[in-house]
>>> print(open('start21.txt').read())   # compact mmCIF, C-alpha atoms and all ligand atoms
# COMPACT_ATOMS: atom_id res chain seq x y z
CA MET F 1 0.00 0.00 0.00
CA LYS F 2 2.64 2.49 1.12
CA THR F 3 4.91 1.16 -1.59
CA GLU F 4 2.31 1.97 -4.26
CA ILE F 5 1.82 5.52 -2.98
CA LEU F 6 5.57 6.02 -2.88
CA GLU F 7 6.06 4.58 -6.35
CA GLN F 8 3.39 6.84 -7.81
CA SER F 9 4.68 9.94 -6.05
CA TYR F 10 8.24 9.13 -7.01
CA ALA F 11 7.12 8.92 -10.65
CA THR F 12 5.37 12.30 -10.33
CA TYR F 13 8.42 14.06 -8.91
CA PHE F 14 11.27 12.33 -10.69
CA ASN F 15 9.58 10.92 -13.77
CA ALA F 16 11.07 7.48 -13.09
CA LYS F 17 10.72 4.36 -10.96
CA PRO F 18 12.54 4.23 -7.59
CA GLU F 19 15.18 1.54 -7.12
CA PHE F 20 14.57 0.87 -3.44
CA VAL F 21 11.94 1.32 -0.79
CA VAL F 22 13.25 1.28 2.77
CA ARG F 23 11.32 1.38 6.02
CA ALA F 24 12.11 2.06 9.68
CA PRO F 25 9.54 1.81 12.50
CA GLY F 26 8.59 3.89 15.52
CA ARG F 27 8.60 2.17 18.90
CA VAL F 28 6.68 1.79 22.10
CA ASN F 29 8.59 1.01 25.26
CA LEU F 30 7.05 -1.86 27.25
CA ILE F 31 9.16 -1.29 30.36
CA GLY F 32 12.51 0.25 31.39
CA GLU F 33 11.82 3.98 31.37
CA HIS F 34 14.65 6.52 31.69
CA THR F 35 17.03 3.62 32.29
CA ASP F 36 18.82 3.87 28.92
CA TYR F 37 20.97 6.89 29.84
CA ASN F 38 21.80 5.16 33.12
CA ASP F 39 23.49 2.28 31.22
CA GLY F 40 20.51 0.12 32.21
CA PHE F 41 17.99 -2.27 30.64
CA VAL F 42 15.04 -1.50 28.40
CA LEU F 43 12.34 -3.55 26.68
CA PRO F 44 10.91 -1.59 23.74
CA MET F 45 9.07 -2.98 20.75
CA ALA F 46 9.02 -1.66 17.19
CA ILE F 47 5.45 -0.85 16.15
CA ASP F 48 3.54 -1.22 12.90
CA ARG F 49 3.87 2.50 12.19
CA ALA F 50 6.89 3.64 10.31
CA VAL F 51 8.73 5.96 7.94
CA TRP F 52 9.19 4.83 4.33
CA ILE F 53 11.61 6.24 1.77
CA ALA F 54 11.55 5.38 -1.95
CA LEU F 55 14.81 6.30 -3.63
CA THR F 56 17.28 5.95 -6.46
CA PRO F 57 21.03 6.59 -6.22
CA ARG F 58 22.51 9.57 -8.03
CA THR F 59 25.94 9.74 -9.53
CA ASP F 60 26.81 12.89 -7.57
CA SER F 61 26.67 13.98 -3.92
CA THR F 62 23.28 15.72 -4.05
CA VAL F 63 20.37 14.50 -1.91
CA ARG F 64 16.94 15.55 -3.09
CA ILE F 65 14.04 14.47 -0.92
CA ARG F 66 10.35 15.24 -0.94
CA SER F 67 8.31 14.82 2.23
CA LEU F 68 4.85 13.73 1.08
CA ASP F 69 3.34 14.39 4.50
CA LEU F 70 4.65 17.94 4.82
CA GLY F 71 4.39 18.70 1.10
CA VAL F 72 7.90 20.18 0.97
CA ASP F 73 11.14 19.43 -0.87
CA SER F 74 14.68 19.73 0.36
CA VAL F 75 18.01 19.58 -1.45
CA PHE F 76 21.50 19.44 0.04
CA ASP F 77 25.02 18.48 -0.94
CA LEU F 78 26.76 15.76 1.09
CA ARG F 79 30.11 17.57 0.72
CA SER F 80 28.95 20.84 2.25
CA LEU F 81 26.49 20.16 5.04
CA THR F 82 25.41 23.10 7.15
CA GLN F 83 22.96 23.18 10.03
CA GLY F 84 19.51 24.65 9.54
CA GLU F 85 16.02 24.01 10.84
CA GLY F 86 13.13 21.59 10.41
CA TRP F 87 12.57 17.92 9.53
CA ILE F 88 15.50 17.74 7.08
CA GLU F 89 17.99 18.20 9.95
CA TYR F 90 17.43 14.57 11.03
CA ILE F 91 18.43 13.45 7.55
CA LYS F 92 21.39 15.81 7.24
CA GLY F 93 22.53 14.88 10.75
CA VAL F 94 22.62 11.17 9.88
CA ALA F 95 24.46 11.93 6.61
CA TYR F 96 26.98 14.02 8.54
CA GLU F 97 27.60 11.40 11.24
CA LEU F 98 27.85 8.54 8.72
CA GLN F 99 30.52 10.43 6.83
CA ARG F 100 32.31 11.35 10.04
CA ASP F 101 32.39 7.63 10.82
CA GLY F 102 34.14 6.96 7.52
CA TYR F 103 31.25 5.86 5.29
CA GLN F 104 31.47 6.93 1.64
CA LEU F 105 27.99 8.15 0.71
CA ARG F 106 26.25 8.53 -2.63
CA GLY F 107 23.52 11.09 -3.19
CA PHE F 108 19.94 10.06 -4.01
CA ASP F 109 16.55 11.26 -5.19
CA ALA F 110 13.78 10.30 -2.79
CA VAL F 111 10.22 10.66 -1.61
CA MET F 112 9.35 9.98 1.99
CA THR F 113 6.18 9.32 3.99
CA GLY F 114 5.31 8.09 7.46
CA ASP F 115 2.51 7.28 9.88
CA VAL F 116 4.22 7.51 13.27
CA PRO F 117 2.34 10.25 15.13
CA ARG F 118 4.76 13.13 15.66
CA GLY F 119 5.48 14.42 19.16
CA ALA F 120 3.55 11.57 20.81
CA GLY F 121 6.58 9.79 22.27
CA LEU F 122 6.54 6.98 19.68
CA SER F 123 9.95 7.92 18.25
CA SER F 124 9.03 9.37 14.90
CA SER F 125 12.45 11.03 14.84
CA ALA F 126 14.33 7.75 15.40
CA ALA F 127 12.24 6.27 12.56
CA VAL F 128 13.35 9.08 10.22
CA GLU F 129 16.98 8.65 11.30
CA LEU F 130 17.08 4.90 10.82
CA ALA F 131 15.18 5.07 7.52
CA THR F 132 17.82 7.57 6.38
CA ALA F 133 20.67 5.31 7.48
CA ARG F 134 18.97 2.39 5.68
CA ALA F 135 18.55 4.54 2.56
CA PHE F 136 22.26 5.47 2.53
CA ALA F 137 23.26 1.83 3.15
CA SER F 138 21.19 0.76 0.11
CA VAL F 139 22.45 3.33 -2.36
CA SER F 140 26.02 3.44 -1.11
CA GLY F 141 26.29 -0.36 -0.81
CA PHE F 142 27.55 -0.73 2.74
CA GLU F 143 26.60 -3.46 5.16
CA TRP F 144 23.84 -2.92 7.71
CA ASN F 145 25.02 -3.12 11.30
CA ALA F 146 22.04 -2.33 13.55
CA ALA F 147 23.97 -1.24 16.66
CA ARG F 148 26.41 0.90 14.71
CA MET F 149 23.62 2.59 12.75
CA ALA F 150 21.69 3.21 15.97
CA ARG F 151 24.75 4.85 17.59
CA ILE F 152 25.30 7.06 14.54
CA SER F 153 21.62 8.06 14.49
CA GLN F 154 21.69 8.83 18.21
CA LYS F 155 24.76 11.00 17.64
CA ALA F 156 22.95 12.85 14.87
CA GLU F 157 20.09 13.56 17.24
CA ASN F 158 22.38 14.54 20.16
CA GLU F 159 24.86 16.66 18.27
CA TRP F 160 23.30 17.80 14.99
CA VAL F 161 19.69 18.23 16.11
CA GLY F 162 20.66 19.01 19.73
CA VAL F 163 18.31 16.63 21.59
CA ASN F 164 19.99 14.75 24.42
CA CYS F 165 18.26 11.35 24.03
CA GLY F 166 19.54 7.91 25.06
CA ILE F 167 20.04 4.91 22.75
CA MET F 168 16.74 3.05 23.24
CA ASP F 169 14.66 4.54 20.42
CA GLN F 170 17.31 4.14 17.74
CA MET F 171 18.12 0.56 18.79
CA ALA F 172 14.43 -0.39 18.80
CA SER F 173 14.00 1.04 15.30
CA ALA F 174 17.23 -0.57 14.05
CA ALA F 175 17.26 -4.03 15.59
CA SER F 176 13.72 -5.23 16.39
CA ARG F 177 12.21 -8.43 15.09
CA GLU F 178 8.61 -9.01 14.06
CA GLY F 179 6.52 -10.50 16.89
CA TYR F 180 9.14 -9.78 19.56
CA ALA F 181 10.16 -7.03 21.97
CA LEU F 182 13.82 -6.03 22.18
CA PHE F 183 15.53 -6.73 25.49
CA LEU F 184 18.50 -4.39 25.36
CA ASP F 185 21.46 -3.80 27.62
CA CYS F 186 22.15 -0.11 27.01
CA ARG F 187 25.72 -0.38 28.31
CA THR F 188 26.95 -3.05 25.90
CA LEU F 189 24.19 -2.78 23.26
CA GLU F 190 23.80 -6.55 23.47
CA TYR F 191 20.23 -7.58 22.84
CA GLN F 192 17.85 -10.50 22.72
CA HIS F 193 14.46 -10.81 21.10
CA ALA F 194 11.89 -11.46 23.83
CA PRO F 195 8.68 -13.22 22.69
CA LEU F 196 5.43 -11.36 23.30
CA PRO F 197 3.00 -13.39 25.39
CA LYS F 198 0.43 -15.35 23.36
CA ASN F 199 -3.17 -14.11 23.16
CA THR F 200 -2.28 -10.63 24.35
CA ALA F 201 -2.30 -7.26 22.61
CA VAL F 202 -0.17 -4.20 23.19
CA VAL F 203 -2.37 -1.11 23.13
CA ILE F 204 -1.03 2.43 22.83
CA LEU F 205 -3.11 5.09 24.56
CA ASP F 206 -2.30 8.60 23.39
CA THR F 207 -3.52 11.14 25.95
CA SER F 208 -3.40 13.87 23.27
CA THR F 209 -1.48 16.06 25.74
CA ARG F 210 1.92 17.41 24.73
CA ARG F 211 4.15 19.36 27.04
CA GLY F 212 6.67 21.98 26.10
CA LEU F 213 9.97 22.15 27.97
CA VAL F 214 10.26 18.36 27.91
CA ASP F 215 13.92 18.76 26.99
CA SER F 216 14.80 20.76 30.07
CA ALA F 217 12.88 18.43 32.41
CA TYR F 218 14.55 15.43 30.70
CA ASN F 219 18.00 16.96 31.10
CA GLU F 220 17.29 17.75 34.72
CA ARG F 221 16.42 14.08 35.36
CA ARG F 222 19.63 13.04 33.62
CA SER F 223 21.79 15.24 35.80
CA GLN F 224 20.01 14.11 38.98
CA CYS F 225 20.76 10.50 37.98
CA GLU F 226 24.41 11.39 37.35
CA GLU F 227 24.59 13.08 40.73
CA ALA F 228 23.21 9.95 42.40
CA ALA F 229 25.67 7.69 40.54
CA ARG F 230 28.56 9.90 41.71
CA TRP F 231 27.28 9.74 45.25
CA PHE F 232 27.20 5.93 45.16
CA GLY F 233 30.69 5.97 43.62
CA THR F 234 29.58 4.13 40.46
CA LYS F 235 29.89 4.88 36.76
CA ALA F 236 26.11 4.81 36.35
CA LEU F 237 23.01 3.90 38.35
CA ARG F 238 23.04 0.58 36.50
CA ASP F 239 25.72 -0.49 38.98
CA VAL F 240 23.62 0.28 42.06
CA SER F 241 21.49 -2.54 43.50
CA VAL F 242 18.18 -2.33 45.37
CA ASP F 243 20.13 -3.20 48.56
CA ASP F 244 22.66 -0.41 47.95
CA LEU F 245 19.81 2.11 48.05
CA LYS F 246 19.71 1.67 51.83
CA LYS F 247 23.09 3.37 51.93
CA GLY F 248 21.68 6.45 50.21
CA ASP F 249 20.92 8.35 53.43
CA GLY F 250 23.06 11.37 52.66
CA LEU F 251 21.35 12.07 49.31
CA SER F 252 18.74 14.80 49.00
CA GLU F 253 15.21 13.42 49.04
CA VAL F 254 14.55 14.26 45.42
CA VAL F 255 17.79 12.71 44.09
CA MET F 256 17.15 9.62 46.20
CA LYS F 257 13.71 9.27 44.62
CA ARG F 258 15.19 9.52 41.12
CA ALA F 259 17.78 6.87 41.98
CA ARG F 260 15.15 4.58 43.47
CA HIS F 261 13.12 4.72 40.28
CA ILE F 262 16.08 3.80 38.09
CA VAL F 263 17.36 1.01 40.33
CA THR F 264 13.95 -0.60 40.82
CA GLU F 265 13.03 -0.09 37.15
CA ASN F 266 16.14 -1.96 36.01
CA ALA F 267 15.14 -4.83 38.29
CA ARG F 268 11.61 -4.73 36.85
CA VAL F 269 12.92 -5.06 33.30
CA LEU F 270 14.80 -8.23 34.22
CA LYS F 271 11.70 -9.61 35.91
CA ALA F 272 9.57 -8.64 32.90
CA VAL F 273 11.85 -10.59 30.57
CA GLU F 274 11.52 -13.63 32.87
CA ALA F 275 7.74 -13.21 32.90
CA MET F 276 7.67 -13.00 29.11
CA THR F 277 9.86 -16.03 28.67
CA SER F 278 7.70 -18.11 31.00
CA GLY F 279 4.47 -16.70 29.54
CA ASN F 280 3.39 -15.21 32.89
CA VAL F 281 1.20 -12.38 31.61
CA LYS F 282 -0.30 -11.55 34.98
CA ARG F 283 3.14 -10.93 36.45
CA LEU F 284 4.13 -8.84 33.44
CA GLY F 285 1.04 -6.68 33.92
CA GLU F 286 1.86 -6.17 37.61
CA LEU F 287 5.32 -4.97 36.61
CA PHE F 288 3.77 -2.46 34.18
CA ASN F 289 1.61 -1.10 37.02
CA ALA F 290 4.57 -0.88 39.42
CA SER F 291 6.61 0.93 36.77
CA HIS F 292 3.90 3.54 36.34
CA ALA F 293 3.67 4.15 40.10
CA SER F 294 7.43 4.62 40.26
CA LEU F 295 7.45 7.05 37.31
CA ARG F 296 4.58 8.98 38.90
CA ASP F 297 5.81 9.10 42.51
CA ASP F 298 9.60 8.82 42.34
CA PHE F 299 10.70 10.00 38.92
CA GLU F 300 7.80 12.47 38.63
CA VAL F 301 7.50 12.48 34.86
CA THR F 302 3.78 11.77 34.47
CA ASN F 303 1.11 14.43 34.04
CA GLU F 304 -2.51 14.30 35.11
CA ALA F 305 -3.70 13.02 31.74
CA LEU F 306 -1.20 10.13 31.79
CA ASN F 307 -2.28 9.16 35.32
CA GLN F 308 -5.93 9.35 34.31
CA ILE F 309 -5.61 7.26 31.17
CA VAL F 310 -3.53 4.65 33.01
CA GLU F 311 -6.18 4.43 35.74
CA CYS F 312 -8.94 4.08 33.13
CA ALA F 313 -6.98 1.25 31.52
CA GLN F 314 -6.12 -0.52 34.77
CA ASP F 315 -9.82 -0.45 35.78
CA GLN F 316 -10.80 -2.69 32.85
CA SER F 317 -10.83 -6.45 33.41
CA PRO F 318 -9.11 -7.41 30.11
CA CYS F 319 -6.14 -5.23 31.13
CA TYR F 320 -3.17 -6.98 32.75
CA GLY F 321 -1.30 -3.73 33.36
CA ALA F 322 -0.72 -0.21 32.07
CA ARG F 323 1.90 2.49 32.37
CA MET F 324 3.13 5.69 30.79
CA THR F 325 5.68 5.14 28.05
CA GLY F 326 8.50 7.25 26.59
CA ALA F 327 9.94 10.38 28.15
CA GLY F 328 6.65 11.33 29.87
CA PHE F 329 5.18 14.75 30.72
CA GLY F 330 2.41 13.99 28.18
CA GLY F 331 2.18 11.70 25.17
CA CYS F 332 1.30 8.02 25.45
CA ALA F 333 0.66 5.18 27.84
CA VAL F 334 0.88 1.50 26.96
CA ALA F 335 -1.39 -1.32 28.15
CA LEU F 336 -1.08 -5.08 28.00
CA VAL F 337 -4.49 -6.52 27.26
CA GLU F 338 -6.23 -9.83 26.48
CA GLY F 339 -5.91 -10.15 22.71
CA LYS F 340 -9.54 -11.03 21.97
CA ASN F 341 -10.87 -8.03 23.89
CA ALA F 342 -8.39 -5.41 22.72
CA HIS F 343 -10.72 -3.42 20.46
CA GLU F 344 -13.53 -3.39 22.98
CA PHE F 345 -10.99 -2.31 25.63
CA ALA F 346 -9.93 0.58 23.39
CA ASP F 347 -13.53 1.82 23.09
CA VAL F 348 -14.25 1.57 26.80
CA VAL F 349 -11.03 3.35 27.80
CA SER F 350 -11.65 6.06 25.26
CA THR F 351 -15.10 6.79 26.73
CA ALA F 352 -13.91 6.58 30.34
CA TYR F 353 -10.95 8.88 29.66
CA LYS F 354 -13.16 11.44 27.93
CA LYS F 355 -15.45 11.43 30.96
CA LYS F 356 -12.59 11.78 33.42
CA SER F 357 -10.41 14.32 31.61
CA GLY F 358 -12.60 15.91 28.96
CA LEU F 359 -9.94 14.92 26.39
CA ASP F 360 -10.06 12.74 23.29
CA ALA F 361 -7.56 9.89 23.28
CA SER F 362 -6.18 8.17 20.18
CA ILE F 363 -5.88 4.47 20.80
CA TYR F 364 -3.94 1.98 18.66
CA VAL F 365 -3.92 -1.77 19.03
CA CYS F 366 -0.46 -2.41 17.66
CA LYS F 367 1.70 -5.23 16.41
CA ALA F 368 5.39 -5.83 17.05
CA SER F 369 7.08 -5.13 13.76
CA ALA F 370 10.54 -5.67 12.28
CA GLY F 371 13.32 -3.10 12.58
CA ALA F 372 14.71 -1.01 9.72
CA GLY F 373 14.93 -2.83 6.41
CA VAL F 374 14.76 -2.72 2.64
CA ILE F 375 11.25 -3.72 1.71
CA GLU F 376 11.39 -3.48 -2.06
CA VAL F 377 14.12 -3.57 -4.67
CA PHE F 378 12.87 -2.70 -8.14
CA LYS F 379 14.95 -4.19 -10.94
CA THR F 380 15.68 -1.58 -13.57
CA LEU F 381 15.68 -2.91 -17.12
CA GLY F 382 18.85 -2.25 -19.11
CA THR F 383 18.61 -0.20 -22.30
CA GLY F 384 19.26 -3.36 -24.36
CA PHE F 385 15.64 -4.49 -23.89
C1 LIG S 401 12.96 9.39 25.29
C2 LIG S 401 14.42 9.23 24.89
C3 LIG S 401 14.91 7.81 25.20
C4 LIG S 401 14.59 7.42 26.64
C5 LIG S 401 13.13 7.72 26.97
C6 LIG S 401 12.80 7.46 28.41
O1 LIG S 401 12.15 8.59 24.49
O2 LIG S 401 14.59 9.49 23.53
O3 LIG S 401 16.28 7.71 24.93
O4 LIG S 401 15.46 8.06 27.53
O5 LIG S 401 12.79 9.05 26.65
O6 LIG S 401 12.88 6.11 28.71
>>> encode(input="start21.txt", output="structure tokens", more="lines below")
Ligand code: GLA
Amino acid sequence: MKTEILEQSYATYFNAKPEFVVRAPGRVNLIGEHTDYNDGFVLPMAIDRAVWIALTPRTDSTVRIRSLDLGVDSVFDLRSLTQGEGWIEYIKGVAYELQRDGYQLRGFDAVMTGDVPRGAGLSSSAAVELATARAFASVSGFEWNAARMARISQKAENEWVGVNCGIMDQMASAASREGYALFLDCRTLEYQHAPLPKNTAVVILDTSTRRGLVDSAYNERRSQCEEAARWFGTKALRDVSVDDLKKGDGLSEVVMKRARHIVTENARVLKAVEAMTSGNVKRLGELFNASHASLRDDFEVTNEALNQIVECAQDQSPCYGARMTGAGFGGCAVALVEGKNAHEFADVVSTAYKKKSGLDASIYVCKASAGAGVIEVFKTLGTGF
């Protein structure tokens, strides 16, 4: 479907057929929130919403790309990249970091589209970054290494775009496998594919609230975590155990709360992976609920809408557990629900949330999708035919 739209649009803009269509997904994090920049564990899952790019290599170093969703074009030269503003910066940033890492890039002509809601905490920017990396790998002919591409994309976001994110979103978009969540050690970038429990559905609940100043609140949490790690004499909070927290007496109350969230959240991720492996859905749901309470009370990154939607979800009998997901302060929650009742659950929560908050939620029953990949290679016919 997307491929057809891309093919037609590509023909309209470039009067030709594209050679490749690449795709990279957004993600929802099941558990392990704010642990990535503490060298900890996370368990995200790539979702069935993504960014697609249809493209053909050029013989020079020009990149021409049309965003079908924004209705705008952008052109830049790989040899003279300069920082500017807007959506194209994610693409230029990845091009810049790939080249800085030694990759020889070819230019391309492209059209791009996507259906990851922007600003909702489902990593639409990581999807653009990884789709860009996948596009360059296809036209420039280099091998795809998920962890390396995720690191480069994260660097583009940190340094070129100027957003201080961790590695989770890029790794989820780069390395996920269809039907599985990604259990990732953010210190080593080692990962395993964790099977989603049978007969369950993952439901994303978008509160429709967005908060400004997320960056400054996020950076504040990061520095509080660093302060706590220094206090415990460790490289990162990953190295602090639940028992060690008892020795945290001298820390300020607020920094202690931040540390407690990270340390207990890391432990919850490990327990969640065990629960998934043994198919213990009830236990997994309890861990979701405990994670939300910790993010609300200790890490203090929920807002009223997130707490309300999570309560509405937890009140429903088909729901095993629910929690906020992503950076917080607005955006989405995620619920683990009995598969056969997922759509009914979505309707009931939507009505209950409207009643409680006066807001309209967007609710998606989603599937665990594959990470970044080439989804179509069109064979061009030689002129001899
Ligand atoms: C954002 C960041 C991630 C991660 C989450 C919180 O999504 O981009 O790196 O820190 O917040 O878990």
>>> residues_near_ligand(input="start21.txt", ligand="ligand LIG 401 (chain S)", cutoff="7 Å", atoms="all atoms listed in the file", output="number ranges by chain")
F: 32-37, 121, 123, 165-169, 326-327
>>> residues_around(input="start21.txt", residues="region 239-251 of chain F", least_positions_apart="6", cutoff="8 Å", atoms="all atoms listed in the file", output="PyMOL selection string")
chain F and resi 228-229+231-232+259-260+263-264
>>> residues_near_point(input="start21.txt", point="(6.4, 4.3, 37.8)", cutoff="10 Å", atoms="only C-alpha atoms", output="PyMOL selection string")
chain F and resi 31-33+261-262+264-265+287-302+323-325
>>> closest_residue(input="start21.txt", among="F:Gly119, F:Tyr180, F:Ala46, F:Phe108", to="Arg211 (chain F)", atoms="all atoms listed in the file")
F:Gly119
>>> residues_around(input="start21.txt", residues="Lys271 (chain F)", least_positions_apart="2", cutoff="12 Å", atoms="all atoms listed in the file", output="JSON, numbers by chain")
{"F": [31, 32, 41, 42, 43, 183, 264, 265, 266, 267, 268, 269, 273, 274, 275, 276, 277, 278, 279, 280, 281, 283, 284, 285, 286, 287, 288, 290, 291]}
>>> residues_near_point(input="start21.txt", point="(0.5, -4.2, 18.1)", cutoff="8 Å", atoms="all atoms listed in the file", output="PyMOL selection string")
chain F and resi 47-48+201-203+364-369
>>> axis_aligned_box(input="start21.txt", around="region 315-323 of chain F", padding_each_side="4 Å", output="JSON")
{"center_x": -4.5, "center_y": -2.5, "center_z": 32.9, "size_x": 20.7, "size_y": 17.9, "size_z": 13.7}
>>> closest_residue(input="start21.txt", among="F:Ser173, F:Gly179, F:Pro44, F:Ala305", to="Lys356 (chain F)", atoms="all atoms listed in the file")
F:Ala305
>>> residues_around(input="start21.txt", residues="region 5-11 of chain F", least_positions_apart="4", cutoff="10 Å", atoms="only C-alpha atoms", output="short mmCIF file (atom, residue, chain, number, x, y, z; two decimals) with C-alpha atoms, in the coordinates of the input")
data_model
loop_
_atom_site.label_atom_id
_atom_site.label_comp_id
_atom_site.auth_asym_id
_atom_site.auth_seq_id
_atom_site.Cartn_x
_atom_site.Cartn_y
_atom_site.Cartn_z
CA MET F 1 0.00 0.00 0.00
CA ASN F 15 9.58 10.92 -13.77
CA ALA F 16 11.07 7.48 -13.09
CA LYS F 17 10.72 4.36 -10.96
CA PRO F 18 12.54 4.23 -7.59
CA GLU F 19 15.18 1.54 -7.12
CA PHE F 20 14.57 0.87 -3.44
CA VAL F 21 11.94 1.32 -0.79
CA TRP F 52 9.19 4.83 4.33
CA ILE F 53 11.61 6.24 1.77
CA ALA F 54 11.55 5.38 -1.95
CA LEU F 55 14.81 6.30 -3.63
CA THR F 56 17.28 5.95 -6.46
CA ILE F 65 14.04 14.47 -0.92
CA ARG F 66 10.35 15.24 -0.94
CA LEU F 68 4.85 13.73 1.08
CA ASP F 109 16.55 11.26 -5.19
CA ALA F 110 13.78 10.30 -2.79
CA VAL F 111 10.22 10.66 -1.61
CA MET F 112 9.35 9.98 1.99
CA THR F 113 6.18 9.32 3.99
#
>>> atom_distance(input="start21.txt", atom1="CA of Pro195 (chain F)", atom2="CA of Lys282 (chain F)")
15.3 Å
>>> closest_residue(input="start21.txt", among="F:Ala156, F:Ala127, F:Ala370, F:Val139", to="Gln170 (chain F)", atoms="all atoms listed in the file")
F:Ala127
>>> atom_distance(input="start21.txt", atom1="CA of Arg27 (chain F)", atom2="CA of Gly331 (chain F)")
13.1 Å
>>> closest_residue(input="start21.txt", among="F:Tyr218, F:Phe329, F:Trp144, F:Phe345", to="Asn164 (chain F)", atoms="only C-alpha atoms")
F:Tyr218
>>> atom_distance(input="start21.txt", atom1="CA of Arg222 (chain F)", atom2="CA of Leu189 (chain F)")
19.5 Å
>>> residues_around(input="start21.txt", residues="Gln224 (chain F)", least_positions_apart="5", cutoff="9 Å", atoms="all atoms listed in the file", output="VMD selection string")
chain F and resid 219 229 254 to 256 258 to 259
>>> write_last_selection(input="start21.txt", atoms="C-alpha atoms", output="CSV table (one decimal), in the coordinates of the input")
chain,number,residue,atom,x,y,z
F,219,ASN,CA,18.0,17.0,31.1
F,229,ALA,CA,25.7,7.7,40.5
F,254,VAL,CA,14.6,14.3,45.4
F,255,VAL,CA,17.8,12.7,44.1
F,256,MET,CA,17.2,9.6,46.2
F,258,ARG,CA,15.2,9.5,41.1
F,259,ALA,CA,17.8,6.9,42.0
>>> closest_residue(input="start21.txt", among="F:Arg58, F:Arg148, F:Arg49, F:Arg187", to="Phe14 (chain F)", atoms="all atoms listed in the file")
F:Arg58
>>> closest_residue(input="start21.txt", among="F:Leu182, F:Val128, F:Leu359, F:Cys319", to="Glu89 (chain F)", atoms="all atoms listed in the file")
F:Val128
>>> residues_around(input="start21.txt", residues="Asp77 (chain F)", least_positions_apart="5", cutoff="7 Å", atoms="all atoms listed in the file", output="list of chain:residue names")
F:Ser61, F:Thr62, F:Val63
>>> write_last_selection(input="start21.txt", atoms="C-alpha atoms", output="compact mmCIF listing (two decimals), keeping the file's coordinate frame")
# COMPACT_ATOMS: atom_id res chain seq x y z
CA SER F 61 26.67 13.98 -3.92
CA THR F 62 23.28 15.72 -4.05
CA VAL F 63 20.37 14.50 -1.91
